Amino acid sequence: MIHLVKRPQPSRAWSYATPVLAVLMTMVAGGAMFAALGKDPVEVIRTIFWDPLFGEFAFYFRGQLLVKAAPLILIAVGLSLGFKAGIWNIGAEGQYILGAICGAAVGLAFYPMEARWLIFPLMIIAGALGGWAWAMIPAILKTRFNTNEILVSLLLVYVAEQLLAKMALGALRNPDGAGFPGSRNLSQYASASNPELIAGSGMHWGVVAALIAVIFGYVLFARHMWGFQIRLTGESPRAARFGGVKPTRLVIFCLGVSGALAGLAGLFEVAGPAGQISIDFNVGYGFTAIIVAFLGRLHPVGILLAGLLMALTYIGGEAAASNLGLPSAAIQAFQGMLLFFLLAVDVLTNYSLRFGKGEVA
Amino acid sequence: MSDARAPLLKLKGLTKAYPGVIANSDVSFEIGAGEVHALLGENGAGKSTLVKMIYGLVRPDSGSMAFRGSRYEPATPHAARNAGVAMVFQHFSLFNALDVAENIALGMENPPKQRALAARITEVSEAYGLPLDPSRLVGDLSAGERQRVEIIRCLLQDPKLLIMDEPTSVLTPQEVEILFKTLRQLSAEGTAILYISHKLEEIRSLCDAATILRLGKVVGECDPKATTARDMAEMMVGQTLHVPSRETTKPGDVALKVNDLTLQSASPFGTSLKNVSFEVRKGEVFGIGGVAGNGQDELLAALSGEVETGAGAVQLKGQSVGHLGPNERRAEGLLAAPEERLGHAAAPDMNLTENAMLTGHVRENLTNRGFLNWRAAKGFAEKVIADFDVRTPGPGNAARSLSGGNLQKFVIGREILQRPDVLVVNQPTWGVDASAAADIRQALLDLAANGAAVICISQDLDELMEISDNFAALNEGRLSKPRPAAGLTVDEIGLMMGGAHDMEAAHVA
């Protein structure tokens with residue numbers, strides 16, 4: 001029989017090794033699934049993990065990698081603050097949508113004025129505020145009425161989706177769009193667009209913001225009292241209170257920052273790669289970022305790597321779906337496996353395995 | 001003592017090792033029918049492992065047990081109970097929201113109908129002088145009454161051997177007397193009792209024989225009635241005990257004043273504080289006794305600032321601080337060390353440097369505009385480790401990797417080294433070995449001698465009598481009138497703690 005024995009302290013080595021182990025196990029189990037679907041597992045895995053980086057069309061895929069990874073990283077860094085403290089913002093998707101709506105609305109309000117120095121920064125502020133305000137709803141309900149932030153933030157995603165549809169069909173609809181749903185294309189409006197900074201690189205302002213967020217997160221946790229208080233609250237709420245942490249303030253701070261960062265991600269997306277507010281503007285970055293945050297061990301640098309890896313499975317997965325004829329559900333299952341294995345092997349950080357006869361202790 | 005020619009329980013060469021520690025090594029002794037046998041030893045001496053083996057919770061690596069003349073190898077507590085062994089644990093396993101009879105039925109294999117069971121409970125409880133109403137909600141009972149529920153649960157199985165683990169730690173002296181009468185009655189009827197404790201005077205008054213454990217080995221057996229408490233203590237500790245000493249100082253100005261503090265407990269089964277008032281002067285040690293769960297945690301939280309009260313309810317050096325949080329109070333010189341070491345005084349998975357930062361950042365200047373100075377925090381942690389003889393490889397180790405006594409020294413040392421004006425400690429030596437406990441008490445006395453006011457909340461009356469200048473007791477959230485500790489008798493202290501908590505005692509009457 002196998003036993004789990006609690007380690008005297010969490011193993012540092014395992015906390016680095018478990019994500020790698022989880023990826024390897026996902027490749028094995030996923031490979032088995034692909035084989036069962038009648039595909040060559042090695043080819044599928046290669047299409048997902050190798051070709052986008054080093055294959056024939058890598059020059060295109062590498063740019064896509066940054067485009068996909070940036071919002072994931074930006075949102076996940078924000079979520080990791082709350083997750084470390086046991087404050088569960090599951091509604092980043094909604095905050096992302098609200099950020100996009102608010103940012104886009106500001107940009108569209110100025111159309112067709114040409115003043116990039118004014119309009120684009122205003123849009124950034126509006127995007128962050130939109131996400132922040134949407135996250136304040138669960139925050140205030142939690143601190144005032146002790147509601148569950150998981151439920152409230154999640155349900156607000158569906159409200160945000162309705163709002164998005166309403167905006168795409170109503171207030172923000174392109175007046176010159178012949179009645180089609182969707183706003184004007186912001187990427188074609190120079191004062192409000194979020195273009196690639198270096199052509200073909202995929203590098204836009206959102207990527208820059210994601211990198212700044214990673215650095216901000218790193219400094220916060222390593223060096224700042226707030227980061228220390230967040231960790232303390234997650235480790236031991238009673239000790240945190242003894243250490244002078246005000247739980248209410250912490251909830252507002254964590255949900256506020258994660259909402260603002262999700263809102264920023266939405267703004268950069270709508271002004272750049274997506275270009276316009278449309279009914280199906282959101283593609284689940286807010287939910288996938290939850291996986292990214294955990295895959296990155298809630299550590300900013302880990303999240304950076306995890307965001308890139310997750311983007312890779314998206315891009316590679318799409319390529320595998322179109323080139324090899326795999327159903328997209330199989331790709332989603334493959335991504336689900338990644339989170340499953342990650343959580344499963346996580347236990348090795350705090351426990352060691354012992355083989356042998358057991359007893360009741 | 002009744003006839004003990006054929007031993008009821010015979011242990012021979014019991015050994016049990018865990019990775020890195022030998023909990024029991026070659027333990028042998030015998031208990032006769034009707035004998036009250038004390039198992040004496042410090043925390044970590046191996047008493048718990050030994051009784052867990054007898055009760056079927058742990059299997060010995062080697063050695064044998066015989067019960068009533070035949071081989072005895074219980075694989076589960078169920079098997080142990082069927083053989084006639086019952087145990088009352090130190091920590092009760094009762095459901096607050098259920099009544100007494102329901103709680104007892106939950107622990108039985110084939111519970112009878114509630115009405116029949118209630119009748120049995122009443123019958124047994126009256127027979128043994130432990131009156132208990134089967135229909136009362138457990139959440140409303142005092143600690144002593146809850147213990148009665150556990151004892152009656154055992155007695156309903158008609159055990160031949162009753163194991164009691166530290167039963168008096170939750171009782172007032174009067175309640176202890178009632179319990180002892182019951183135990184003596186059981187013994188006279190032929191039930192043997194294995195009594196685990198480190199309170200020597202109790203053992204001397206109750207037990208017929210004692211086995212002393214140290215570091216997992218039997219280091220002596222004695223007749224407690226014919227051995228002095230001091231001799232037993234030295235056998236238990238293995239060295240001459242250092243008795244804390246203090247220089248008498250003149251009490252100074254009032255350092256902390258608590259003024260009619262009333263506080264609703266946050267938890268439904270907590271104890272609300274009612275009109276608590278006292279004052280502590282510089283250089284004074286103020287002892288607060290009382291049975292656990294009478295408002296100790298709530299009082300500590302109100303003093304540390306974890307719970308805010310009316311501004312004037314807590315006054316530090318003449319200034320109202322009741323509305324301030326923990327860090328603001330630390331800045332003013334009011335520090336605290338809660339009872340629960342892991343998870344309250346320290347974060348278990350954080351290392352000692354981080355735990356030094358936890359309370360030290362205000363007074364030790366470990367931050368600069370919100371940015372943390374880890375190097376200074378590490379230096380502070382190292383100083384605590386060195387000055388208070390904390391046994392650990394270094395400040396990078398997680399709090400939970402330390403033994404209870406070492407972590408407690410770290411927690412107390414962390415507060416003392418911040419030079420408090422007022423220090424509040426709750427259960428400073430709970431679960432700490434005797435020599436570490438003596439060190440901690442000495443450190444508290446030295447702190448007071450240097451002019452600080454010390455408030456020591458504890459359930460260990462011996463400890464409080466040893467270090468306190470003034471004494472008061474918490475009982476159901478009320479604080480008795482403080483009195484000078486010198487000259488207080490056990491009876492007086494017991495009455496301050498609430499006497500027998502209105503539990504009528506059939507034998508006393």
# chains A, B, ... in the order shown; residues from 1 in each chain; ligands from 1
>>> closest_atom_pairs(of="chain A", to="chain B", cutoff="9 Å", atoms="only C-alpha atoms", output="CSV")
residue,atom,partner,partner_atom,distance
A:Arg7,CA,B:Ser401,CA,8.8
A:Pro8,CA,B:Ser401,CA,5.1
A:Gln9,CA,B:Ala398,CA,5.8
A:Pro10,CA,B:Asp349,CA,7.4
A:Leu220,CA,B:Phe371,CA,8.7
A:Ala222,CA,B:Leu372,CA,8.3
A:Arg223,CA,B:Leu372,CA,5.1
A:His224,CA,B:Phe371,CA,4.4
A:Met225,CA,B:Gly370,CA,5.2
A:Trp226,CA,B:Gly370,CA,7.6
A:Phe228,CA,B:Glu354,CA,8.6
A:Gln229,CA,B:Leu358,CA,8.8
A:Leu232,CA,B:Ala347,CA,7.1
A:Glu235,CA,B:Ala347,CA,6.4
A:Ser236,CA,B:Gly343,CA,5.5
A:Pro237,CA,B:Gly343,CA,7.7
A:Arg238,CA,B:His344,CA,5.1
A:Ala239,CA,B:His344,CA,4.0
A:Ala240,CA,B:His344,CA,7.8
A:Arg241,CA,B:Glu306,CA,6.1
A:Phe242,CA,B:Glu306,CA,5.8
A:Gly243,CA,B:Leu358,CA,5.4
A:Gly244,CA,B:Pro326,CA,5.0
A:Val245,CA,B:Pro326,CA,8.6
A:Lys246,CA,B:Gly325,CA,8.7
A:Glu359,CA,B:Val58,CA,7.0
A:Val360,CA,B:Val58,CA,5.9
A:Ala361,CA,B:Val58,CA,5.5
>>> residues_around(residues="Met113 in chain A", least_positions_apart="5", cutoff="10 Å", atoms="only C-alpha atoms", output="ChimeraX atom specification")
/A:107-108,119,189-192
>>> closest_residue(among="A:Tyr314, A:Ser15, A:Gly38, A:Glu43", to="Leu72 in chain A", atoms="only C-alpha atoms")
A:Tyr314
>>> residues_around(residues="Leu161 in chain B", least_positions_apart="6", cutoff="8 Å", atoms="only C-alpha atoms", output="MDAnalysis selection string")
chainID B and resid 84:86 191:194
>>> write_last_selection(atoms="N, CA and C atoms", output="PDB file, in the first residue's frame")
ATOM      1  N   GLY B  84     -13.399  -4.864  27.056  1.00  0.00           N
ATOM      2  CA  GLY B  84     -13.656  -4.271  28.369  1.00  0.00           C
ATOM      3  C   GLY B  84     -12.731  -3.115  28.708  1.00  0.00           C
ATOM      4  N   VAL B  85     -12.156  -2.483  27.690  1.00  0.00           N
ATOM      5  CA  VAL B  85     -11.291  -1.327  27.924  1.00  0.00           C
ATOM      6  C   VAL B  85     -12.031  -0.085  27.397  1.00  0.00           C
ATOM      7  N   ALA B  86     -12.133   0.942  28.216  1.00  0.00           N
ATOM      8  CA  ALA B  86     -12.793   2.179  27.780  1.00  0.00           C
ATOM      9  C   ALA B  86     -11.834   3.335  28.010  1.00  0.00           C
ATOM     10  N   THR B 191     -13.270  -1.938  39.123  1.00  0.00           N
ATOM     11  CA  THR B 191     -12.812  -1.415  37.837  1.00  0.00           C
ATOM     12  C   THR B 191     -11.422  -0.810  38.020  1.00  0.00           C
ATOM     13  N   ALA B 192     -10.505  -1.236  37.200  1.00  0.00           N
ATOM     14  CA  ALA B 192      -9.169  -0.647  37.268  1.00  0.00           C
ATOM     15  C   ALA B 192      -9.164   0.653  36.483  1.00  0.00           C
ATOM     16  N   ILE B 193      -8.315   1.595  36.900  1.00  0.00           N
ATOM     17  CA  ILE B 193      -8.239   2.883  36.230  1.00  0.00           C
ATOM     18  C   ILE B 193      -6.785   3.190  35.904  1.00  0.00           C
ATOM     19  N   LEU B 194      -6.540   3.492  34.644  1.00  0.00           N
ATOM     20  CA  LEU B 194      -5.206   3.941  34.242  1.00  0.00           C
ATOM     21  C   LEU B 194      -5.301   5.449  34.091  1.00  0.00           C
TER      22      LEU B 194
END
>>> closest_atom_pairs(of="range 260-352 of chain A", to="range 171-187 of chain A", cutoff="8 Å", atoms="only C-alpha atoms", output="Markdown table")
| residue | atom | partner | partner_atom | distance |
| --- | --- | --- | --- | --- |
| A:Val270 | CA | A:Leu186 | CA | 7.5 |
| A:Ala271 | CA | A:Leu186 | CA | 5.3 |
| A:Gly272 | CA | A:Ser187 | CA | 5.7 |
| A:Pro273 | CA | A:Ser187 | CA | 7.9 |
| A:Gly275 | CA | A:Ser187 | CA | 5.0 |
| A:Gln276 | CA | A:Asn185 | CA | 4.8 |
| A:Ile277 | CA | A:Ser183 | CA | 5.2 |
| A:Ser278 | CA | A:Gly182 | CA | 4.3 |
| A:Ile279 | CA | A:Gly182 | CA | 6.9 |
>>> write_last_selection(atoms="C-alpha atoms", output="PDB file, in the first residue's frame")
ATOM      1  CA  VAL A 270     -10.639  44.790 -27.982  1.00  0.00           C
ATOM      2  CA  ALA A 271      -8.364  47.565 -29.247  1.00  0.00           C
ATOM      3  CA  GLY A 272      -5.848  45.161 -30.744  1.00  0.00           C
ATOM      4  CA  PRO A 273      -6.224  41.539 -31.808  1.00  0.00           C
ATOM      5  CA  GLY A 275     -10.494  45.022 -32.931  1.00  0.00           C
ATOM      6  CA  GLN A 276     -14.155  45.457 -32.103  1.00  0.00           C
ATOM      7  CA  ILE A 277     -16.874  44.761 -29.577  1.00  0.00           C
ATOM      8  CA  SER A 278     -18.862  41.824 -30.909  1.00  0.00           C
ATOM      9  CA  ILE A 279     -21.340  39.408 -29.414  1.00  0.00           C
TER      10      ILE A 279
END
>>> residues_around(residues="Gly259 in chain A", least_positions_apart="2", cutoff="6 Å", atoms="only C-alpha atoms", output="number ranges by chain")
A: 95, 131-132, 135, 255-257, 261-262
